[in-house]
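Asks: One structure coming up, written as structure tokens, with questions to follow.
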Amino acid sequence: MQIASYQKLTLIDYPGKIATTVFTVGCNFRCPFCHNPELVYPPVQTSASNYNVEKDFFSFLEKRKKTLEGICITGGEPTIQVDIIEFIKKIKKLGYLVKLDSNGTRPDVLKKLIDLKIVDYFAMDIKNQPKKYNQTVGAEIDIERIKLSVDLIMKSGIQYEFRTTAVPGLHTEKDFLEIAQWIKNAQAYYLQEYRARTILDPSLKEKNKGQSLDLDKIKKSIQKNFKKIEIRKYN
């Protein structure tokens, strides 16, 4: 596994659980608004350095069995890691709950995880309405694979959430009406506030300067489509 680091304690990344978050390196998207740009491009690492970080991570988990409940796996994009399934199996053997964050580009991996019953919570990013996906993520993707991932997660019987970071200049209110129809009846949908701090493409700050999105208004316009919808704001 290519692991950048791990946060030893989080009370917000895994809803309702005391957890640790582990950050994988490398992503197949180039979202200009990505707030973890250091995790997008995999660094040149030796197998020894990867092994040492992973070894330290599992050593930490062994020591915290009585205090931690869950592990959040995020990125980057965890599902592009060749050994993600074995990595999750090792975590499950220690008795932890697992929450996996994903962009949905690997429905094949998601299906295997669902069939193996080794993920307890999925969090999938919905980057935009289908017609604007490539433009939003900065890459050529197969939208049918994204749609398949949505369908798999919604029918999995596993707890999940979908979420969209609302970026002025990239999203419009109409886009969220389209998204709401696409993932209608989802368990939970979160509108995430955009933070123009450290992002992958700094030029985006000029593009969205002076523009805004009213998240409360958007929430009100689409809330009938979801069992739960909330706004996530950041300090």
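Just remember, in the structure tokens the first chain shown is A, the second B, etc., residues are 1-based per chain, and ligands are 1-based in the order shown.
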Write out as an MDAnalysis selection string the residues lying within 7 Å of Asn103 of chain A, counting only C-alpha atoms and excluding same-chain residues fewer than 6 positions away.
Replies: chainID A and resid 77 124:125
Asks: Quick one: residues within 10 Å of Cys27 of chain A, only C-alpha atoms, excluding same-chain residues fewer than 4 positions away - as a list of chain:residue names?
Replies: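 Residues near the query, excluding close chain neighbours: A:Cys31, A:Pro37, A:Leu39, A:Val40, A:Tyr41, A:Pro42, A:Gly75, A:Gly76, A:Glu77, A:Pro78, A:Thr79, A:Ile80, A:Gln81, A:Asn103.
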Asks: How close does each residue of segment 150-198 of chain A get to segment 4-20 of chain A, giving the shortest atom pair and distance in Å to one decimal for every residue with an atom at most 12 Å away, counting only C-alpha atoms, sorted by chain and residue number, as CSV?
Replies:
```
residue,atom,partner,partner_atom,distance
A:Gln159,CA,A:Pro15,CA,10.6
A:Tyr160,CA,A:Pro15,CA,10.4
A:Glu161,CA,A:Pro15,CA,10.3
A:Ala188,CA,A:Pro15,CA,11.7
```
Asks: May I have the selected residues written with N, CA, C and O atoms, as an mmCIF file, in the first residue's frame?
Replies:
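Once everything was written out, this is out39.cif:
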```
data_model
loop_
_atom_site.group_PDB
_atom_site.id
_atom_site.type_symbol
_atom_site.label_atom_id
_atom_site.label_comp_id
_atom_site.auth_asym_id
_atom_site.auth_seq_id
_atom_site.Cartn_x
_atom_site.Cartn_y
_atom_site.Cartn_z
ATOM 1 N N GLN A 159 -24.235 0.568 5.199
ATOM 2 C CA GLN A 159 -24.423 1.994 5.479
ATOM 3 C C GLN A 159 -23.563 2.814 4.511
ATOM 4 O O GLN A 159 -22.418 2.447 4.217
ATOM 5 N N TYR A 160 -24.115 3.931 4.045
ATOM 6 C CA TYR A 160 -23.367 4.726 3.080
ATOM 7 C C TYR A 160 -23.821 6.182 3.110
ATOM 8 O O TYR A 160 -24.865 6.528 3.670
ATOM 9 N N GLU A 161 -23.023 6.994 2.451
ATOM 10 C CA GLU A 161 -23.394 8.382 2.182
ATOM 11 C C GLU A 161 -22.825 8.789 0.841
ATOM 12 O O GLU A 161 -21.805 8.263 0.385
ATOM 13 N N ALA A 188 -28.243 8.949 2.610
ATOM 14 C CA ALA A 188 -27.729 10.220 3.119
ATOM 15 C C ALA A 188 -26.949 10.952 2.039
ATOM 16 O O ALA A 188 -26.177 10.345 1.290
#
```
Asks: What does the distance between atom CA of Arg30 of chain A and atom CA of Asp201 of chain A come to in Å, to one decimal place?
Replies: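 Computing it gives 8.8 Å between the two atoms.
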Asks: Output as a list in words all residues of segment 70-110 of chain A that backbone DSSP marks as alpha helix (DSSP H).
Replies: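 The alpha helix (DSSP H) subset of segment 70-110 of chain A is Ile84, Ile85, Glu86, Phe87, Ile88, Lys89, Lys90, Ile91, Lys92, Lys93, Pro107, Asp108, Val109 and Leu110 of chain A.
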Asks: Using only N, CA, C and O atoms, please write the residues we just selected to a file, as an mmCIF file, in the first residue's frame.
Replies:
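Writing the result to out.cif gives the following:
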```cif
data_model
loop_
_atom_site.group_PDB
_atom_site.id
_atom_site.type_symbol
_atom_site.label_atom_id
_atom_site.label_comp_id
_atom_site.auth_asym_id
_atom_site.auth_seq_id
_atom_site.Cartn_x
_atom_site.Cartn_y
_atom_site.Cartn_z
ATOM 1 N N ILE A 84 -5.565 -3.062 -2.078
ATOM 2 C CA ILE A 84 -6.554 -2.483 -1.169
ATOM 3 C C ILE A 84 -7.397 -3.553 -0.475
ATOM 4 O O ILE A 84 -7.714 -3.428 0.712
ATOM 5 N N ILE A 85 -7.756 -4.614 -1.177
ATOM 6 C CA ILE A 85 -8.596 -5.636 -0.562
ATOM 7 C C ILE A 85 -7.851 -6.366 0.548
ATOM 8 O O ILE A 85 -8.391 -6.570 1.651
ATOM 9 N N GLU A 86 -6.609 -6.732 0.300
ATOM 10 C CA GLU A 86 -5.818 -7.397 1.341
ATOM 11 C C GLU A 86 -5.568 -6.470 2.528
ATOM 12 O O GLU A 86 -5.557 -6.911 3.685
ATOM 13 N N PHE A 87 -5.386 -5.197 2.231
ATOM 14 C CA PHE A 87 -5.179 -4.193 3.282
ATOM 15 C C PHE A 87 -6.400 -4.131 4.203
ATOM 16 O O PHE A 87 -6.274 -4.136 5.430
ATOM 17 N N ILE A 88 -7.584 -4.096 3.613
ATOM 18 C CA ILE A 88 -8.819 -4.037 4.402
ATOM 19 C C ILE A 88 -9.024 -5.330 5.185
ATOM 20 O O ILE A 88 -9.446 -5.306 6.349
ATOM 21 N N LYS A 89 -8.700 -6.454 4.578
ATOM 22 C CA LYS A 89 -8.822 -7.734 5.287
ATOM 23 C C LYS A 89 -7.967 -7.739 6.556
ATOM 24 O O LYS A 89 -8.394 -8.234 7.611
ATOM 25 N N LYS A 90 -6.770 -7.189 6.474
ATOM 26 C CA LYS A 90 -5.877 -7.139 7.648
ATOM 27 C C LYS A 90 -6.478 -6.271 8.751
ATOM 28 O O LYS A 90 -6.379 -6.588 9.937
ATOM 29 N N ILE A 91 -7.115 -5.172 8.359
ATOM 30 C CA ILE A 91 -7.754 -4.292 9.339
ATOM 31 C C ILE A 91 -8.930 -5.009 10.002
ATOM 32 O O ILE A 91 -9.108 -4.954 11.222
ATOM 33 N N LYS A 92 -9.724 -5.704 9.196
ATOM 34 C CA LYS A 92 -10.892 -6.408 9.730
ATOM 35 C C LYS A 92 -10.487 -7.516 10.696
ATOM 36 O O LYS A 92 -11.192 -7.786 11.678
ATOM 37 N N LYS A 93 -9.358 -8.174 10.427
ATOM 38 C CA LYS A 93 -8.882 -9.242 11.307
ATOM 39 C C LYS A 93 -8.566 -8.721 12.709
ATOM 40 O O LYS A 93 -8.576 -9.475 13.684
ATOM 41 N N PRO A 107 -15.938 0.256 -9.850
ATOM 42 C CA PRO A 107 -17.066 -0.552 -9.373
ATOM 43 C C PRO A 107 -16.701 -2.020 -9.207
ATOM 44 O O PRO A 107 -17.297 -2.725 -8.389
ATOM 45 N N ASP A 108 -15.710 -2.489 -9.971
ATOM 46 C CA ASP A 108 -15.258 -3.875 -9.836
ATOM 47 C C ASP A 108 -14.689 -4.126 -8.442
ATOM 48 O O ASP A 108 -14.962 -5.161 -7.818
ATOM 49 N N VAL A 109 -13.923 -3.170 -7.950
ATOM 50 C CA VAL A 109 -13.355 -3.292 -6.604
ATOM 51 C C VAL A 109 -14.456 -3.172 -5.553
ATOM 52 O O VAL A 109 -14.503 -3.943 -4.587
ATOM 53 N N LEU A 110 -15.354 -2.225 -5.745
ATOM 54 C CA LEU A 110 -16.446 -2.043 -4.790
ATOM 55 C C LEU A 110 -17.301 -3.306 -4.683
ATOM 56 O O LEU A 110 -17.698 -3.710 -3.589
#
```
Asks: Each residue of segment 17-124 of chain A lying at most 12 Å from segment 152-155 of chain A should get a row with its shortest atom-to-atom pair and the distance in Å to one decimal, counting only C-alpha atoms; could you produce that, ordered by chain and increasing number, as JSON lines?
Replies:
```
{"residue": "A:Leu100", "atom": "CA", "partner": "A:Ile153", "partner_atom": "CA", "distance": 11.5}
{"residue": "A:Asp101", "atom": "CA", "partner": "A:Ile153", "partner_atom": "CA", "distance": 11.8}
{"residue": "A:Ser102", "atom": "CA", "partner": "A:Ile153", "partner_atom": "CA", "distance": 10.9}
{"residue": "A:Asn103", "atom": "CA", "partner": "A:Ile153", "partner_atom": "CA", "distance": 12.0}
{"residue": "A:Gly104", "atom": "CA", "partner": "A:Ile153", "partner_atom": "CA", "distance": 9.5}
{"residue": "A:Arg106", "atom": "CA", "partner": "A:Leu152", "partner_atom": "CA", "distance": 11.1}
{"residue": "A:Pro107", "atom": "CA", "partner": "A:Leu152", "partner_atom": "CA", "distance": 7.6}
{"residue": "A:Asp108", "atom": "CA", "partner": "A:Leu152", "partner_atom": "CA", "distance": 9.8}
{"residue": "A:Val109", "atom": "CA", "partner": "A:Leu152", "partner_atom": "CA", "distance": 10.8}
{"residue": "A:Leu110", "atom": "CA", "partner": "A:Leu152", "partner_atom": "CA", "distance": 7.7}
{"residue": "A:Lys111", "atom": "CA", "partner": "A:Leu152", "partner_atom": "CA", "distance": 6.9}
{"residue": "A:Lys112", "atom": "CA", "partner": "A:Leu152", "partner_atom": "CA", "distance": 10.6}
{"residue": "A:Leu113", "atom": "CA", "partner": "A:Ile153", "partner_atom": "CA", "distance": 10.5}
{"residue": "A:Ile114", "atom": "CA", "partner": "A:Ile153", "partner_atom": "CA", "distance": 8.3}
{"residue": "A:Asp115", "atom": "CA", "partner": "A:Leu152", "partner_atom": "CA", "distance": 10.6}
{"residue": "A:Val119", "atom": "CA", "partner": "A:Ile153", "partner_atom": "CA", "distance": 11.0}
{"residue": "A:Asp120", "atom": "CA", "partner": "A:Ile153", "partner_atom": "CA", "distance": 11.3}
{"residue": "A:Tyr121", "atom": "CA", "partner": "A:Ile153", "partner_atom": "CA", "distance": 9.6}
{"residue": "A:Phe122", "atom": "CA", "partner": "A:Ile153", "partner_atom": "CA", "distance": 7.3}
{"residue": "A:Ala123", "atom": "CA", "partner": "A:Ile153", "partner_atom": "CA", "distance": 9.2}
{"residue": "A:Met124", "atom": "CA", "partner": "A:Ile153", "partner_atom": "CA", "distance": 8.7}
```
Asks: Would you mind listing what lies within 12 Å of Lys66 of chain A as an mmCIF file with all heavy atoms, in the first residue's frame, with only C-alpha atoms counted and same-chain residues fewer than 3 positions away left out?
Replies:
```cif
data_model
loop_
_atom_site.group_PDB
_atom_site.id
_atom_site.type_symbol
_atom_site.label_atom_id
_atom_site.label_comp_id
_atom_site.auth_asym_id
_atom_site.auth_seq_id
_atom_site.Cartn_x
_atom_site.Cartn_y
_atom_site.Cartn_z
ATOM 1 N N ILE A 18 -15.276 6.447 17.127
ATOM 2 C CA ILE A 18 -13.924 6.904 17.441
ATOM 3 C C ILE A 18 -13.007 6.187 16.457
ATOM 4 O O ILE A 18 -12.972 4.950 16.428
ATOM 5 C CB ILE A 18 -13.535 6.560 18.885
ATOM 6 C CG1 ILE A 18 -14.506 7.200 19.873
ATOM 7 C CG2 ILE A 18 -12.107 7.009 19.190
ATOM 8 C CD1 ILE A 18 -14.340 6.719 21.304
ATOM 9 N N ALA A 19 -12.304 6.932 15.640
ATOM 10 C CA ALA A 19 -11.611 6.302 14.516
ATOM 11 C C ALA A 19 -10.219 6.862 14.260
ATOM 12 O O ALA A 19 -9.813 7.891 14.803
ATOM 13 C CB ALA A 19 -12.454 6.447 13.260
ATOM 14 N N PHE A 60 0.325 0.420 15.382
ATOM 15 C CA PHE A 60 -0.522 1.371 16.120
ATOM 16 C C PHE A 60 -1.915 0.780 16.358
ATOM 17 O O PHE A 60 -2.457 0.869 17.469
ATOM 18 C CB PHE A 60 -0.628 2.680 15.331
ATOM 19 C CG PHE A 60 -1.635 3.647 15.885
ATOM 20 C CD1 PHE A 60 -1.358 4.405 17.008
ATOM 21 C CD2 PHE A 60 -2.880 3.777 15.277
ATOM 22 C CE1 PHE A 60 -2.295 5.287 17.522
ATOM 23 C CE2 PHE A 60 -3.828 4.659 15.788
ATOM 24 C CZ PHE A 60 -3.534 5.413 16.919
ATOM 25 N N LEU A 61 -2.490 0.157 15.328
ATOM 26 C CA LEU A 61 -3.825 -0.424 15.464
ATOM 27 C C LEU A 61 -3.852 -1.547 16.501
ATOM 28 O O LEU A 61 -4.826 -1.695 17.251
ATOM 29 C CB LEU A 61 -4.322 -0.961 14.121
ATOM 30 C CG LEU A 61 -4.552 0.045 12.985
ATOM 31 C CD1 LEU A 61 -5.276 -0.632 11.827
ATOM 32 C CD2 LEU A 61 -5.330 1.260 13.458
ATOM 33 N N GLU A 62 -2.805 -2.337 16.537
ATOM 34 C CA GLU A 62 -2.716 -3.417 17.523
ATOM 35 C C GLU A 62 -2.796 -2.858 18.949
ATOM 36 O O GLU A 62 -3.443 -3.438 19.819
ATOM 37 C CB GLU A 62 -1.401 -4.177 17.351
ATOM 38 C CG GLU A 62 -1.337 -5.085 16.144
ATOM 39 C CD GLU A 62 -1.968 -6.455 16.403
ATOM 40 O OE1 GLU A 62 -2.542 -6.654 17.495
ATOM 41 O OE2 GLU A 62 -1.899 -7.305 15.503
ATOM 42 N N LYS A 63 -2.161 -1.714 19.164
ATOM 43 C CA LYS A 63 -2.096 -1.131 20.505
ATOM 44 C C LYS A 63 -3.382 -0.414 20.906
ATOM 45 O O LYS A 63 -3.596 -0.133 22.081
ATOM 46 C CB LYS A 63 -0.932 -0.135 20.576
ATOM 47 C CG LYS A 63 0.433 -0.769 20.376
ATOM 48 C CD LYS A 63 1.506 0.295 20.280
ATOM 49 C CE LYS A 63 2.862 -0.313 19.983
ATOM 50 N NZ LYS A 63 3.909 0.733 19.784
ATOM 51 N N GLU A 69 -12.651 2.370 17.401
ATOM 52 C CA GLU A 69 -13.747 1.551 16.879
ATOM 53 C C GLU A 69 -13.632 1.304 15.378
ATOM 54 O O GLU A 69 -13.954 0.224 14.892
ATOM 55 C CB GLU A 69 -15.088 2.228 17.158
ATOM 56 C CG GLU A 69 -15.389 2.429 18.627
ATOM 57 C CD GLU A 69 -16.631 3.264 18.836
ATOM 58 O OE1 GLU A 69 -16.537 4.503 18.754
ATOM 59 O OE2 GLU A 69 -17.699 2.665 19.076
ATOM 60 N N GLY A 70 -13.204 2.333 14.646
ATOM 61 C CA GLY A 70 -13.212 2.213 13.195
ATOM 62 C C GLY A 70 -11.997 2.809 12.530
ATOM 63 O O GLY A 70 -11.261 3.598 13.124
ATOM 64 N N LEU A 94 -8.297 -7.416 12.798
ATOM 65 C CA LEU A 94 -8.017 -6.804 14.098
ATOM 66 C C LEU A 94 -9.303 -6.388 14.816
ATOM 67 O O LEU A 94 -9.261 -5.898 15.934
ATOM 68 C CB LEU A 94 -7.101 -5.587 13.921
ATOM 69 C CG LEU A 94 -5.675 -5.895 13.441
ATOM 70 C CD1 LEU A 94 -4.911 -4.597 13.177
ATOM 71 C CD2 LEU A 94 -4.935 -6.741 14.458
ATOM 72 N N GLY A 95 -10.433 -6.573 14.145
ATOM 73 C CA GLY A 95 -11.715 -6.318 14.778
ATOM 74 C C GLY A 95 -12.294 -4.929 14.581
ATOM 75 O O GLY A 95 -13.273 -4.563 15.239
ATOM 76 N N TYR A 96 -11.724 -4.165 13.654
ATOM 77 C CA TYR A 96 -12.195 -2.797 13.437
ATOM 78 C C TYR A 96 -13.302 -2.709 12.387
ATOM 79 O O TYR A 96 -13.358 -3.515 11.456
ATOM 80 C CB TYR A 96 -11.035 -1.906 12.982
ATOM 81 C CG TYR A 96 -10.025 -1.612 14.047
ATOM 82 C CD1 TYR A 96 -8.785 -2.260 14.058
ATOM 83 C CD2 TYR A 96 -10.287 -0.679 15.050
ATOM 84 C CE1 TYR A 96 -7.839 -1.989 15.033
ATOM 85 C CE2 TYR A 96 -9.347 -0.412 16.030
ATOM 86 C CZ TYR A 96 -8.130 -1.064 16.018
ATOM 87 O OH TYR A 96 -7.195 -0.794 16.990
#
```
Asks: If we count only C-alpha atoms, what is near Gln181 of chain A at a cut-off of 9 Å, once residues fewer than 4 positions away on the same chain are taken out, given as a list in words?
Replies: Phe176, Leu177, Asn185, Ile222 and Asn225 of chain A
Asks: Using only C-alpha atoms, determine which residues lie at most 7 Å from Arg163 of chain A, disregarding the query and same-chain residues fewer than 4 positions distant; provide the list as an MDAnalysis selection string.
Replies: chainID A and resid 124:126 189:192
Asks: Extract the full set of strand (DSSP E or B) residues from segment 23-153 of chain A according to DSSP on the backbone, and format it as a ChimeraX atom specification.
Replies: /A:23-24,70-74,97-102,121-125
Asks: Pick from A:Ala186, A:Ile141, A:Leu170, A:Val82: nearest to Ser156 of chain A, with only C-alpha atoms counted?
Replies: A:Ala186
